[in-house]
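The block underneath contains the structure these notes are about, expressed in structure tokens.
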Amino acid sequence: MEEVLEKYGTTKLEDVKVWFKAASVNDFPIDGGACVKYKNKQIAVFNFARLDKWYACQNVCPHKMEMVLSRGMIGDDKGTPKVACPLHKKTFSLENGENLNGDLDAIATYPVKIEGNDVYIGFAD
């Protein structure tokens, strides 16, 4: 199962080499997420409309290795935007991937930009 997680790694804005056009902004639910595929990765993309921000992270929850984070509920934990796994309620920061429960490794996060009506995700590869 570890090989699934090995393909994911956080990309910081300054390390972006590829801006992948994921979809139209209209393809994402307001205050919710959807999954897109980039190469061999499933990426959860969130339209956090309440904050007027967009976030992207790996779709796989490291707890049970299920591709479900895009279907998780988003919210706020003391000012930190977060997603909760819909299966196990483990929560992760959408800003840096930190596990807010403190019992799992962080998830990978990716920069997002909106140009016109399109959503782009930044990758280092």
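Ordering of the structure tokens sets the chain letters (A, B, ...); residue numbers start at 1 within each chain; ligands are numbered from 1 in the order shown.
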
Next item on the list: Compile the contact shell of region 83-97 of chain A as a VMD selection string: residues with an atom at most 6 Å away, counting only C-alpha atoms, same-chain residues fewer than 5 positions apart removed.
Entry: chain A and resid 69 72 to 74 106 to 109

Next item on the list: Write out as a VMD selection string the residues lying within 9 Å of Arg50 (chain A), counting only C-alpha atoms and excluding same-chain residues fewer than 3 positions away.
Entry: chain A and resid 30 to 31 47 53

For the residues in the current selection, export all heavy atoms as a compact mmCIF listing (two decimals), in the first residue's frame.
# COMPACT_ATOMS: atom_id res chain seq x y z
N ILE A 30 -20.05 24.05 -5.23
CA ILE A 30 -19.77 25.15 -4.32
C ILE A 30 -19.61 24.58 -2.91
O ILE A 30 -20.42 23.78 -2.46
CB ILE A 30 -20.91 26.20 -4.37
CG1 ILE A 30 -20.91 26.86 -5.75
CG2 ILE A 30 -20.77 27.23 -3.27
CD1 ILE A 30 -22.11 27.73 -6.01
N ASP A 31 -18.53 24.97 -2.24
CA ASP A 31 -18.20 24.47 -0.90
C ASP A 31 -18.13 22.95 -0.87
O ASP A 31 -18.61 22.30 0.07
CB ASP A 31 -19.17 25.02 0.15
CG ASP A 31 -18.97 26.50 0.38
OD1 ASP A 31 -17.79 26.93 0.46
OD2 ASP A 31 -19.96 27.24 0.47
N ASN A 47 -13.58 23.71 -4.05
CA ASN A 47 -14.05 25.08 -4.24
C ASN A 47 -14.59 25.52 -2.88
O ASN A 47 -15.74 25.26 -2.55
CB ASN A 47 -15.14 25.12 -5.30
CG ASN A 47 -15.77 26.49 -5.44
OD1 ASN A 47 -15.38 27.45 -4.78
ND2 ASN A 47 -16.77 26.58 -6.30
N LYS A 53 -11.67 30.63 -1.89
CA LYS A 53 -10.37 30.02 -2.16
C LYS A 53 -10.57 28.63 -2.75
O LYS A 53 -11.61 28.01 -2.57
CB LYS A 53 -9.55 29.91 -0.87
CG LYS A 53 -9.11 31.24 -0.32
CD LYS A 53 -8.11 31.07 0.79
CE LYS A 53 -7.66 32.44 1.27
NZ LYS A 53 -6.70 32.36 2.33

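Every residue of chain A with a DSSP assignment of helix (DSSP H, G or I), taken from the backbone, is listed as Glu2, Glu3, Val4, Leu5, Glu6, Leu13, Glu14, Asp15, Val25, Asn26, Asp27, Ala49, Arg50, Leu51, Leu69, Ser70 and Arg71 of chain A.
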
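Distances here use only C-alpha atoms; by that measure, the residue among A:Lys39, A:Gly75, A:Ala124, A:Leu5 closest to Val60 (chain A) is A:Leu5.
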
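CA of Asn26 (chain A) is found 22.4 Å from CA of Met67 (chain A).
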
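When only C-alpha atoms are used to compute distances to Val25 (chain A), the closest of the residues A:Leu100, A:Val4, A:Val68, A:Val45 turns out to be A:Val45.
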
Each residue of region 88-120 of chain A lying at most 12 Å from region 14-17 of chain A should get a row with its shortest atom-to-atom pair and the distance in Å to one decimal, counting only C-alpha atoms; could you produce that, ordered by chain and increasing number, as a tab-separated table?
residue	atom	partner	partner_atom	distance
A:Tyr110	CA	A:Val16	CA	9.0
A:Pro111	CA	A:Val16	CA	8.2
A:Val112	CA	A:Val16	CA	10.4
A:Lys113	CA	A:Val16	CA	11.5
A:Tyr120	CA	A:Val16	CA	11.3

Notebook entry, point to check: Mind checking DSSP for chain A and telling me the strand (DSSP E or B) residues as number ranges by chain?
Noted result: A: 18-24, 32-38, 41-48, 53-58, 60-61, 66-67, 73-77, 80-84, 91-93, 99, 109-110, 112-115, 118-123

Check: For Thr80 (chain A), which of A:His63, A:Glu6, A:Ala44, A:Glu98 is the closest residue, counting only C-alpha atoms?
Finding: A:Glu98

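Distances here use only C-alpha atoms; by that measure, the residue among A:Phe48, A:Tyr8, A:Phe123, A:Trp19 closest to Asp76 (chain A) is A:Phe48.
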
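When only C-alpha atoms are used to measure the gap to Ala34 (chain A), the shortest distance among A:Cys57, A:Val18, A:Leu51, A:Ile114 belongs to A:Cys57.
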
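Distance-wise, CA of Ile43 (chain A) and CA of Ser70 (chain A) end up 7.7 Å apart.
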
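Each of A:Cys61, A:Asn40, A:Phe46, A:Gly33 was compared to Asp125 (chain A) using only C-alpha atoms, and A:Asn40 turns out to be the nearest.
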
Notebook entry, point to check: Could you pull the residues within 6 Å of Ser24 (chain A), counting only C-alpha atoms, minus those fewer than 5 positions along the same chain, as a ChimeraX atom specification?
Noted result: /A:117-119

Selected residues written out, all heavy atoms, as a PDB file, in the first residue's frame:
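For reference, result-v4.pdb as written:
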ATOM      1  N   ASN A 117     -12.380  31.010 -16.615  1.00  0.00           N
ATOM      2  CA  ASN A 117     -13.323  30.040 -16.049  1.00  0.00           C
ATOM      3  C   ASN A 117     -12.668  28.694 -15.776  1.00  0.00           C
ATOM      4  O   ASN A 117     -13.366  27.720 -15.520  1.00  0.00           O
ATOM      5  CB  ASN A 117     -14.495  29.846 -17.024  1.00  0.00           C
ATOM      6  CG  ASN A 117     -15.804  30.249 -16.417  1.00  0.00           C
ATOM      7  OD1 ASN A 117     -15.856  30.831 -15.337  1.00  0.00           O
ATOM      8  ND2 ASN A 117     -16.878  29.943 -17.108  1.00  0.00           N
ATOM      9  N   ASP A 118     -11.338  28.625 -15.841  1.00  0.00           N
ATOM     10  CA  ASP A 118     -10.640  27.359 -15.737  1.00  0.00           C
ATOM     11  C   ASP A 118      -9.858  27.232 -14.433  1.00  0.00           C
ATOM     12  O   ASP A 118      -9.295  28.205 -13.928  1.00  0.00           O
ATOM     13  CB  ASP A 118      -9.685  27.177 -16.922  1.00  0.00           C
ATOM     14  CG  ASP A 118     -10.434  27.104 -18.244  1.00  0.00           C
ATOM     15  OD1 ASP A 118     -11.455  26.395 -18.309  1.00  0.00           O
ATOM     16  OD2 ASP A 118      -9.997  27.759 -19.208  1.00  0.00           O
ATOM     17  N   VAL A 119      -9.809  25.996 -13.931  1.00  0.00           N
ATOM     18  CA  VAL A 119      -9.082  25.658 -12.710  1.00  0.00           C
ATOM     19  C   VAL A 119      -7.788  24.951 -13.114  1.00  0.00           C
ATOM     20  O   VAL A 119      -7.822  23.976 -13.869  1.00  0.00           O
ATOM     21  CB  VAL A 119      -9.918  24.722 -11.809  1.00  0.00           C
ATOM     22  CG1 VAL A 119      -9.142  24.350 -10.547  1.00  0.00           C
ATOM     23  CG2 VAL A 119     -11.249  25.371 -11.450  1.00  0.00           C
TER      24      VAL A 119
END

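In this structure, CA of Ala49 (chain A) sits 13.3 Å away from CA of Lys82 (chain A).
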
Item checked: Shell of 9 Å around Tyr38 (chain A), only C-alpha atoms, local chain residues under 4 positions omitted, as a PyMOL selection string -> chain A and resi 20+22+42-43
